[in-house]
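*Asks:* Next comes my_file.cif, mmCIF, C-alpha atoms:
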```
data_upload
loop_
_atom_site.label_atom_id
_atom_site.label_comp_id
_atom_site.auth_asym_id
_atom_site.auth_seq_id
_atom_site.Cartn_x
_atom_site.Cartn_y
_atom_site.Cartn_z
CA MET A 1 140.33 12.28 134.31
CA LYS A 2 138.36 13.75 131.41
CA ILE A 3 139.37 12.92 127.85
CA VAL A 4 137.57 14.31 124.79
CA LEU A 5 137.54 11.97 121.79
CA ALA A 6 137.20 13.99 118.57
CA PRO A 7 138.45 11.99 115.55
CA ASP A 8 137.32 12.08 111.94
CA SER A 9 136.28 8.89 110.17
CA PHE A 10 138.97 6.51 108.92
CA LYS A 11 137.77 6.28 105.32
CA GLU A 12 136.44 2.85 104.31
CA SER A 13 137.34 1.49 107.76
CA MET A 14 135.14 3.15 110.40
CA THR A 15 132.93 6.15 110.95
CA ALA A 16 134.04 8.86 113.35
CA ASN A 17 131.58 7.56 115.94
CA GLU A 18 132.84 3.98 115.59
CA CYS A 19 136.36 5.35 116.01
CA CYS A 20 135.32 7.15 119.22
CA ILE A 21 133.80 3.97 120.62
CA ALA A 22 136.92 1.90 119.82
CA ILE A 23 139.22 4.49 121.43
CA GLU A 24 137.08 4.60 124.57
CA LYS A 25 137.01 0.80 124.76
CA GLY A 26 140.81 0.63 124.60
CA LEU A 27 141.31 3.36 127.20
CA ARG A 28 138.83 1.84 129.65
CA LYS A 29 140.70 -1.45 129.69
CA VAL A 30 143.37 0.26 131.75
CA ILE A 31 141.61 3.41 133.08
CA PRO A 32 138.14 2.12 134.05
CA ASN A 33 136.99 5.27 135.90
CA LEU A 34 137.75 7.56 132.97
CA GLU A 35 135.31 10.28 131.85
CA CYS A 36 135.12 10.13 128.06
CA VAL A 37 133.30 12.74 125.99
CA LEU A 38 132.64 11.48 122.46
CA VAL A 39 132.54 14.16 119.74
CA PRO A 40 132.70 12.49 116.30
CA MET A 41 134.09 15.02 113.83
CA ALA A 42 134.41 15.76 110.11
CA ASP A 43 135.78 18.53 107.91
CA GLY A 44 132.71 19.29 105.82
CA GLY A 45 133.31 16.53 103.27
CA GLU A 46 132.12 12.95 103.18
CA GLY A 47 130.88 11.79 106.57
CA THR A 48 129.89 15.24 107.85
CA THR A 49 126.20 14.35 108.09
CA GLN A 50 127.01 11.15 109.95
CA SER A 51 129.37 12.88 112.37
CA LEU A 52 127.09 15.79 113.25
CA VAL A 53 124.06 13.56 113.73
CA ASP A 54 126.11 11.23 115.94
CA ALA A 55 127.68 14.12 117.90
CA THR A 56 124.29 15.71 118.68
CA GLY A 57 122.06 12.67 119.12
CA GLY A 58 120.10 13.50 115.99
CA GLU A 59 118.18 11.39 113.46
CA PHE A 60 118.54 10.34 109.84
CA TYR A 61 115.84 10.56 107.18
CA ILE A 62 115.69 9.03 103.72
CA THR A 63 113.89 10.58 100.77
CA GLU A 64 113.59 9.87 97.05
CA VAL A 65 115.51 12.28 94.82
CA THR A 66 116.59 12.68 91.22
CA GLY A 67 120.14 11.42 90.67
CA PRO A 68 122.83 13.12 88.57
CA LEU A 69 121.66 11.47 85.35
CA GLY A 70 117.95 11.96 86.04
CA GLU A 71 117.40 8.54 87.62
CA LYS A 72 115.37 8.09 90.81
CA ARG A 73 117.32 7.08 93.91
CA GLU A 74 117.24 7.40 97.68
CA ALA A 75 119.32 9.96 99.56
CA ARG A 76 119.87 10.55 103.25
CA PHE A 77 119.95 13.73 105.32
CA GLY A 78 120.07 14.36 109.04
CA ILE A 79 118.37 16.48 111.67
CA LEU A 80 120.56 17.44 114.61
CA GLY A 81 119.54 16.77 118.20
CA ASP A 82 117.92 20.18 118.71
CA LYS A 83 115.47 19.47 115.84
CA LYS A 84 116.18 22.93 114.40
CA ILE A 85 119.16 22.20 112.17
CA ALA A 86 119.34 19.94 109.13
CA VAL A 87 122.58 18.66 107.64
CA LEU A 88 123.02 17.17 104.18
CA GLU A 89 125.68 16.42 101.59
CA MET A 90 125.04 17.25 97.95
CA ALA A 91 127.05 14.14 97.03
CA ALA A 92 124.22 12.01 98.45
CA ALA A 93 121.98 13.20 95.61
CA SER A 94 124.31 14.62 92.94
CA GLY A 95 127.67 13.03 93.68
CA LEU A 96 130.35 11.80 91.31
CA GLU A 97 130.42 8.38 92.94
CA LEU A 98 126.78 7.89 91.91
CA VAL A 99 127.76 7.92 88.22
CA PRO A 100 129.66 4.99 86.65
CA ARG A 101 132.98 6.16 85.23
CA ASP A 102 131.95 5.41 81.63
CA LYS A 103 128.74 7.49 81.99
CA ARG A 104 130.20 10.66 83.50
CA ASP A 105 129.06 13.63 81.44
CA ALA A 106 129.22 17.16 82.89
CA MET A 107 127.09 18.42 80.00
CA ILE A 108 123.99 16.62 81.31
CA THR A 109 124.45 15.87 85.02
CA THR A 110 122.11 17.84 87.28
CA THR A 111 121.85 19.18 90.83
CA TYR A 112 118.06 18.73 90.78
CA GLY A 113 118.30 16.03 93.45
CA THR A 114 120.21 18.37 95.74
CA GLY A 115 117.29 20.79 95.52
CA GLU A 116 114.91 17.96 96.39
CA LEU A 117 117.09 17.08 99.38
CA ILE A 118 116.94 20.72 100.57
CA LYS A 119 113.17 20.66 100.12
CA ALA A 120 112.90 17.49 102.21
CA ALA A 121 114.86 19.25 104.96
CA LEU A 122 112.53 22.26 104.77
CA ASP A 123 109.59 19.87 105.26
CA ARG A 124 111.04 19.13 108.72
CA ASN A 125 110.51 22.77 109.75
CA VAL A 126 114.18 23.47 110.42
CA GLU A 127 115.63 26.94 110.94
CA THR A 128 119.10 26.22 109.52
CA ILE A 129 120.42 23.89 106.81
CA LEU A 130 124.09 22.90 106.71
CA ILE A 131 125.19 21.70 103.28
CA GLY A 132 128.43 19.94 102.33
CA ILE A 133 129.12 20.42 98.63
CA GLY A 134 132.17 18.24 97.98
CA GLY A 135 132.28 15.36 95.49
CA SER A 136 129.88 16.67 92.84
CA ALA A 137 129.19 15.07 89.45
CA THR A 138 127.74 18.30 88.10
CA ASN A 139 128.67 21.51 86.27
CA ASP A 140 125.29 23.25 86.08
CA GLY A 141 125.87 26.16 88.47
CA GLY A 142 123.12 24.88 90.75
CA ALA A 143 120.54 25.34 88.01
CA GLY A 144 118.89 21.98 88.69
CA MET A 145 118.74 22.74 92.40
CA ILE A 146 116.87 25.99 91.75
CA GLN A 147 114.42 24.25 89.40
CA ALA A 148 113.65 21.69 92.13
CA LEU A 149 112.96 24.51 94.60
CA GLY A 150 110.47 26.28 92.35
CA GLY A 151 112.66 28.59 90.29
CA LYS A 152 112.12 28.76 86.53
CA LEU A 153 115.00 28.77 84.05
CA LEU A 154 113.44 29.69 80.73
CA ASP A 155 114.59 29.69 77.11
CA ILE A 156 113.74 32.35 74.54
CA ASP A 157 110.32 30.73 73.98
CA GLY A 158 109.47 30.80 77.70
CA LYS A 159 109.95 27.06 78.12
CA GLU A 160 111.98 25.38 80.91
CA ILE A 161 115.49 24.45 79.83
CA GLY A 162 116.68 20.88 80.35
CA PHE A 163 119.13 19.43 82.85
CA GLY A 164 122.88 19.92 82.90
CA GLY A 165 125.54 22.51 82.22
CA GLY A 166 125.11 22.03 78.48
CA ALA A 167 121.48 23.19 78.63
CA LEU A 168 122.52 26.56 80.11
CA SER A 169 123.36 27.71 76.56
CA LYS A 170 119.60 27.98 75.99
CA LEU A 171 118.95 30.05 79.12
CA ASP A 172 117.30 33.42 78.40
CA LYS A 173 115.50 34.34 81.63
CA ILE A 174 115.43 33.39 85.32
CA ASP A 175 112.16 33.69 87.28
CA ILE A 176 112.39 33.05 91.04
CA SER A 177 108.96 34.43 91.95
CA ASN A 178 107.78 30.91 92.81
CA LEU A 179 110.91 29.87 94.70
CA ASP A 180 109.99 27.97 97.88
CA LYS A 181 108.93 30.74 100.30
CA ARG A 182 110.32 28.87 103.32
CA LEU A 183 113.85 29.62 102.11
CA LYS A 184 113.46 33.28 103.12
CA ASN A 185 113.27 32.27 106.77
CA THR A 186 115.90 29.52 106.63
CA LYS A 187 119.60 30.10 107.15
CA ILE A 188 121.77 28.23 104.65
CA ILE A 189 125.38 27.53 105.62
CA VAL A 190 127.65 25.79 103.13
CA ALA A 191 130.79 23.80 103.92
CA CYS A 192 133.20 24.86 101.20
CA ASP A 193 137.00 24.77 101.29
CA VAL A 194 137.37 25.57 97.56
CA GLN A 195 138.31 29.13 96.58
CA ASN A 196 137.71 28.92 92.81
CA PRO A 197 135.55 31.52 91.05
CA LEU A 198 132.66 30.43 88.86
CA THR A 199 134.29 31.03 85.46
CA GLY A 200 137.63 31.52 83.76
CA PRO A 201 140.88 29.50 83.77
CA THR A 202 140.53 28.69 87.49
CA GLY A 203 136.76 28.33 87.40
CA ALA A 204 134.46 25.36 87.86
CA SER A 205 134.60 23.99 84.30
CA HIS A 206 138.31 24.24 83.52
CA ILE A 207 139.57 23.01 86.90
CA PHE A 208 137.02 20.34 87.80
CA GLY A 209 135.27 19.51 84.52
CA LYS A 210 137.69 16.82 83.38
CA GLN A 211 137.09 14.54 86.36
CA LYS A 212 133.36 14.82 85.63
CA GLY A 213 133.75 13.57 82.07
CA ALA A 214 134.16 16.80 80.10
CA ASN A 215 136.79 16.92 77.35
CA GLU A 216 138.67 20.11 76.49
CA GLU A 217 136.08 21.33 73.98
CA GLN A 218 133.22 20.63 76.39
CA ARG A 219 135.02 22.43 79.22
CA GLU A 220 135.19 25.54 77.04
CA ILE A 221 131.47 25.24 76.23
CA LEU A 222 130.59 24.75 79.90
CA ASP A 223 132.66 27.75 80.94
CA ASN A 224 130.96 29.97 78.35
CA ASN A 225 127.56 28.68 79.50
CA LEU A 226 128.36 29.57 83.11
CA LYS A 227 129.45 33.06 82.00
CA GLN A 228 126.06 33.49 80.32
CA TYR A 229 124.35 32.09 83.42
CA ALA A 230 126.22 34.57 85.66
CA GLU A 231 125.24 37.48 83.38
CA ILE A 232 121.55 36.52 83.51
CA ILE A 233 121.74 36.15 87.30
CA ARG A 234 123.17 39.70 87.45
CA ARG A 235 120.34 41.00 85.28
CA ASP A 236 117.36 39.05 86.67
CA VAL A 237 118.34 38.41 90.29
CA GLY A 238 120.56 41.44 90.91
CA VAL A 239 123.45 39.46 92.35
CA ASP A 240 127.00 39.30 90.98
CA ILE A 241 128.57 36.00 92.01
CA GLU A 242 130.85 35.23 89.05
CA ASN A 243 134.17 36.03 90.70
CA ILE A 244 133.40 35.37 94.36
CA ALA A 245 135.75 32.84 95.99
CA GLY A 246 133.96 29.50 96.26
CA ALA A 247 131.42 30.25 93.53
CA GLY A 248 133.05 27.56 91.38
CA ALA A 249 132.74 24.85 94.03
CA ALA A 250 130.76 21.75 93.07
CA GLY A 251 130.49 22.75 89.42
CA GLY A 252 129.17 26.18 90.31
CA LEU A 253 126.70 25.01 92.95
CA GLY A 254 128.46 27.45 95.28
CA ALA A 255 127.36 30.28 93.00
CA GLY A 256 123.78 29.02 92.84
CA LEU A 257 123.54 28.70 96.61
CA MET A 258 124.86 32.23 97.15
CA ALA A 259 122.79 33.83 94.39
CA PHE A 260 119.41 32.24 95.06
CA LEU A 261 119.51 31.05 98.70
CA SER A 262 121.73 33.81 100.18
CA ALA A 263 123.98 31.06 101.48
CA GLU A 264 127.04 31.70 103.62
CA LEU A 265 130.15 29.75 102.54
CA ARG A 266 132.44 28.69 105.40
CA LYS A 267 135.28 26.25 106.00
CA GLY A 268 133.89 22.81 106.67
CA ILE A 269 135.87 22.12 109.83
CA ASP A 270 134.72 25.45 111.35
CA ILE A 271 131.08 24.49 110.78
CA VAL A 272 131.53 21.08 112.38
CA ILE A 273 133.40 22.54 115.37
CA GLU A 274 130.57 25.02 115.95
CA TYR A 275 127.59 22.71 115.54
CA SER A 276 129.13 19.77 117.41
CA LYS A 277 129.79 22.21 120.30
CA LEU A 278 133.36 20.95 120.48
CA GLU A 279 134.71 24.00 122.31
CA GLU A 280 132.05 23.69 125.01
CA LYS A 281 132.78 19.97 125.45
CA LEU A 282 136.52 20.63 125.82
CA GLN A 283 136.02 22.60 129.02
CA GLY A 284 137.78 20.89 131.93
CA ALA A 285 139.41 18.23 129.73
CA ASN A 286 142.85 16.83 130.57
CA LEU A 287 143.50 15.45 127.10
CA VAL A 288 142.06 15.46 123.58
CA ILE A 289 142.39 12.52 121.19
CA THR A 290 141.76 13.10 117.49
CA GLY A 291 142.85 11.42 114.26
CA GLU A 292 141.98 10.20 110.79
CA GLY A 293 143.15 7.67 108.23
CA SER A 294 146.17 9.63 107.02
CA ILE A 295 147.98 12.57 108.61
CA ASP A 296 150.80 14.57 107.02
CA GLY A 297 151.99 18.15 106.62
CA GLN A 298 148.92 18.97 104.50
CA THR A 299 146.67 18.25 107.49
CA ARG A 300 147.32 21.82 108.66
CA PHE A 301 145.27 23.18 105.74
CA GLY A 302 141.86 22.65 107.30
CA LYS A 303 141.66 18.92 107.99
CA THR A 304 139.83 17.66 111.06
CA PRO A 305 142.79 16.89 113.38
CA TYR A 306 144.21 20.37 112.72
CA GLY A 307 140.89 22.05 113.55
CA VAL A 308 140.54 20.06 116.76
CA ALA A 309 144.14 20.80 117.80
CA LYS A 310 143.74 24.53 117.25
CA VAL A 311 140.69 24.68 119.52
CA ALA A 312 142.42 22.61 122.22
CA GLN A 313 145.50 24.83 121.96
CA ARG A 314 143.46 27.82 123.16
CA TYR A 315 142.97 26.04 126.48
CA ASP A 316 146.46 24.47 126.71
CA ILE A 317 145.01 20.97 126.45
CA PRO A 318 147.42 18.29 125.12
CA VAL A 319 146.37 16.68 121.84
CA ILE A 320 147.16 13.13 120.73
CA ALA A 321 146.40 12.25 117.11
CA PHE A 322 146.04 8.68 115.82
CA ALA A 323 146.58 7.85 112.15
CA GLY A 324 146.56 4.77 109.97
CA ASN A 325 149.28 6.36 107.87
CA ILE A 326 151.74 9.06 108.91
CA GLY A 327 153.04 10.91 105.87
CA SER A 328 155.74 13.42 105.08
CA ASP A 329 156.33 16.75 106.86
CA VAL A 330 154.28 15.59 109.83
CA ASN A 331 156.69 17.35 112.20
CA LEU A 332 155.27 20.66 110.99
CA LEU A 333 152.08 19.89 112.89
CA TYR A 334 153.78 20.18 116.28
CA GLU A 335 153.68 23.95 115.79
CA TYR A 336 149.88 23.84 115.60
CA GLY A 337 148.82 22.35 118.91
CA PHE A 338 149.67 18.67 118.43
CA THR A 339 151.45 16.97 121.34
CA ALA A 340 152.04 13.60 119.69
CA ILE A 341 151.02 11.83 116.46
CA LEU A 342 150.84 8.06 116.81
CA PRO A 343 150.34 5.23 114.30
CA ILE A 344 147.65 2.67 115.05
CA LEU A 345 149.11 -0.28 113.13
CA PRO A 346 150.54 -2.92 115.52
CA ARG A 347 152.07 -4.93 112.69
CA VAL A 348 153.02 -4.75 109.01
CA GLU A 349 149.89 -5.53 106.98
CA THR A 350 148.29 -4.83 103.62
CA LEU A 351 146.08 -1.78 103.13
CA GLU A 352 143.11 -4.11 102.75
CA ASN A 353 143.78 -5.69 106.14
CA ALA A 354 144.54 -2.33 107.75
CA ILE A 355 141.11 -1.08 106.66
CA LEU A 356 139.44 -4.30 107.78
CA ASN A 357 141.14 -4.25 111.20
CA GLY A 358 140.79 -0.52 111.82
CA LYS A 359 138.63 -0.68 114.95
CA GLU A 360 140.75 -3.46 116.46
CA ASN A 361 143.98 -1.56 115.71
CA ILE A 362 142.86 1.74 117.19
CA GLU A 363 141.50 0.00 120.26
CA TYR A 364 144.92 -1.64 120.80
CA ALA A 365 146.71 1.69 120.26
CA SER A 366 144.36 3.38 122.73
CA GLU A 367 144.99 0.72 125.35
CA SER A 368 148.73 1.31 124.93
CA LEU A 369 148.20 5.04 125.28
CA GLY A 370 146.15 4.39 128.42
CA ARG A 371 149.04 2.50 129.98
CA VAL A 372 151.34 5.48 129.34
CA ILE A 373 148.72 7.79 130.88
CA ASN A 374 148.64 5.59 133.97
CA ILE A 375 152.41 5.97 134.36
CA TYR A 376 151.98 9.75 134.19
CA LYS A 377 149.14 9.65 136.77
CA LYS A 378 151.28 7.66 139.21
#
```
Reformat the file's structure so that it appears as structure tokens.
*Replies:*
Amino acid sequence: MKIVLAPDSFKESMTANECCIAIEKGLRKVIPNLECVLVPMADGGEGTTQSLVDATGGEFYITEVTGPLGEKREARFGILGDKKIAVLEMAAASGLELVPRDKRDAMITTTYGTGELIKAALDRNVETILIGIGGSATNDGGAGMIQALGGKLLDIDGKEIGFGGGALSKLDKIDISNLDKRLKNTKIIVACDVQNPLTGPTGASHIFGKQKGANEEQREILDNNLKQYAEIIRRDVGVDIENIAGAGAAGGLGAGLMAFLSAELRKGIDIVIEYSKLEEKLQGANLVITGEGSIDGQTRFGKTPYGVAKVAQRYDIPVIAFAGNIGSDVNLLYEYGFTAILPILPRVETLENAILNGKENIEYASESLGRVINIYKK
């Protein structure tokens, strides 16, 4: 019997790979001759680098970058098993969680470190770079990233502007003649599930600025700065990205990636499915097991278990999903390829203990599932 294990991480409890290992351990207690194929998954957000490196037998690398507030820090990126594809998360260099709550300031936070992370990946001679852009602390339209990669953002006196979305008010000219030449021969694919444009009422500043520390007045300033930025990009780079869906992602980093790196924005789960080779690994499978910390009706809008179930559905393979918490409207998911959605908690316990005991709980739930499978086999 072949079972494909394709869960996401259970946040704060276990990585997707640790989840795979625990599920396999539980199943093998009662089905020792089982063929398990481990495909740790993610949806393009936190944990995507970990999952894709684990799924492909790749390697991690650590490099020094500039943090959101200009401080030096270490950030990690991965190279997939084929040595041709790099994967990184902008949050590792420019993420909101890197900035203490009382120091969050979208006027000054920069994506410079994200550019340095991209440059470190280029140093590994890769052909493709996959970038997750969730969880940003920034609102600079990717300006810092471009500066790190050799682009020049100049004021009226021909001097480089400073860091942050606030400094874009001084921008007069963009010069990308010295942009890292390796980018021309490198495919950039961005995991982005956000549809917001760069500017306006639904743009980067007004929708996401508050959580990054910008008050109402600052959000208006930041939005106007991004409008000016978009106009100069149109004039100097010849690209109009202001109203493209996803341009407002990560404080406008989506716009910067499209304008300067010719990046392709795609749904995160679709990227992970492709580069983990999930569809190929499903061939000949009798069952798929997926899951994540919480599953509810919203899971059908691009979360990992939904993506896995849709692929399995093409081949009429049953799908079991494990969850730490099963929320409302979960019955809607049975229309999208799910066969059963099962809780992993064997007892009533606090959230703290549920997180602590995650691997033990999912191993127990998998053993129980294995016993049911054995009844079916008989």
*Asks:* For a cut-off of 6 Å around (127.8, 24.0, 90.8), file coordinates, pick out all residues using all atoms listed in the file and list them as a PyMOL selection string.
*Replies:* chain A and resi 139-142+249-254
*Asks:* For the structure provided, state which residues fall under the PyMOL selection byres ((chain A and resi 11-13) around 10), and present them as an NGL selection string.
*Replies:* :A and (8-10 or 14-16 or 18-19 or 46-47 or 292-294 or 352-359)
*Asks:* Which residues are close to Ser262 of chain A, i.e. within 10 Å by all atoms listed in the file, leaving aside same-chain residues fewer than 4 positions away? Reply as JSON, numbers by chain.
*Replies:* {"A": [183, 184, 186, 187, 188, 189, 239, 255, 256, 257, 258]}
*Asks:* Specify as a count of residues only each residue included when the PyMOL selection byres ((chain A and resi 263-273) around 8) is applied to this file.
*Replies:* 34
*Asks:* Write out as a Markdown table the residues of segment 209-291 of chain A that have any atom within 12 Å of an atom of segment 314-330 of chain A, one row each with the nearest atom pair and its distance in Å to one decimal, counting all atoms listed in the file, sorted by chain and then rising number.
*Replies:*
```
| residue | atom | partner | partner_atom | distance |
| --- | --- | --- | --- | --- |
| A:Glu279 | CA | A:Tyr315 | CA | 9.5 |
| A:Glu280 | CA | A:Tyr315 | CA | 11.3 |
| A:Lys281 | CA | A:Tyr315 | CA | 11.9 |
| A:Leu282 | CA | A:Tyr315 | CA | 8.4 |
| A:Gln283 | CA | A:Tyr315 | CA | 8.2 |
| A:Gly284 | CA | A:Ile317 | CA | 9.1 |
| A:Ala285 | CA | A:Ile317 | CA | 7.0 |
| A:Asn286 | CA | A:Ile317 | CA | 6.2 |
| A:Leu287 | CA | A:Pro318 | CA | 5.2 |
| A:Val288 | CA | A:Val319 | CA | 4.8 |
| A:Ile289 | CA | A:Ile320 | CA | 4.8 |
| A:Thr290 | CA | A:Ala321 | CA | 4.7 |
| A:Gly291 | CA | A:Phe322 | CA | 4.5 |
```
*Asks:* Spell out the residues picked by the PyMOL selection byres ((chain A and resi 367) around 10) here, as a list in words.
*Replies:*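 On this input, the PyMOL selection byres ((chain A and resi 367) around 10) captures Ala22, Ile23, Glu24, Lys25, Gly26, Leu27, Arg28, Lys29, Val30, Ile31, Asn361, Ile362, Glu363, Tyr364, Ala365, Ser366, Ser368, Leu369, Gly370, Arg371, Val372 and Ile373 of chain A.
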*Asks:* My list of candidates is A:Asp175, A:Met107, A:Gly162, A:Val348. Which is closest to Asp223 of chain A when distances are computed with only C-alpha atoms?
*Replies:*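 The answer is A:Met107, which sits nearest to Asp223 of chain A.
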*Asks:* Would you be able to write out as a ChimeraX atom specification which residues have an atom within 6 Å of (118.7, 25.2, 114.9) in the file's coordinates, counting only C-alpha atoms?
*Replies:* /A:84-85,127-128
*Asks:* I want to know what sits within 9 Å of segment 86-100 of chain A, based on all atoms listed in the file, with residues of the same chain fewer than 2 positions away left out; could you give that as a ChimeraX atom specification?
*Replies:* /A:44-49,52-53,65-69,73-80,83-84,102-105,109-118,121-122,124,126-138,211-212,250
*Asks:* Would you mind reading off the distance between atom CA of Glu242 of chain A and atom CA of Ile156 of chain A, one decimal, in Å?
*Replies:*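 Distance reported for this atom pair: 22.6 Å.
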*Asks:* Give, as AutoDock Vina command-line options, the centre coordinates and the x, y and z edge lengths in Å to one decimal for an axis-aligned box around all listed atoms of segment 109-113 of chain A, padded by 8 Å on each side.
*Replies:*
```
--center_x 121.3 --center_y 17.5 --center_z 89.2 --size_x 22.4 --size_y 19.3 --size_z 24.4
```
*Asks:* Between atom CA of Phe208 of chain A and atom CA of Ile108 of chain A, what is the distance in Å, rounded to a tenth?
*Replies:*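 So the two atoms, atom CA of Phe208 of chain A and atom CA of Ile108 of chain A, lie 15.0 Å apart.
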*Asks:* Looking at A:Leu171, A:Val4, A:Ala312, A:Ala204, which one is nearest to Cys36 of chain A, with distances taken over all atoms listed in the file?
*Replies:* A:Val4
*Asks:* Work out how far apart atom CA of Gly144 of chain A and atom CA of Phe163 of chain A are and give it in Å to one decimal.
*Replies:*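 If I compute the distance from atom CA of Gly144 of chain A to atom CA of Phe163 of chain A, I get 6.4 Å.
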*Asks:* Taking into account all atoms listed in the file, which residue in the set A:Lys173, A:Lys2, A:Arg101, A:Arg182 is nearest to Arg234 of chain A?
*Replies:*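 Closest candidate: A:Lys173.
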*Asks:* Would you mind telling me which residue in A:Gln195, A:Ser177, A:Thr63, A:Thr299 lies nearest to Asp123 of chain A when using all atoms listed in the file?
*Replies:*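 Using all atoms listed in the file, Asp123 of chain A sits closest to A:Thr63.
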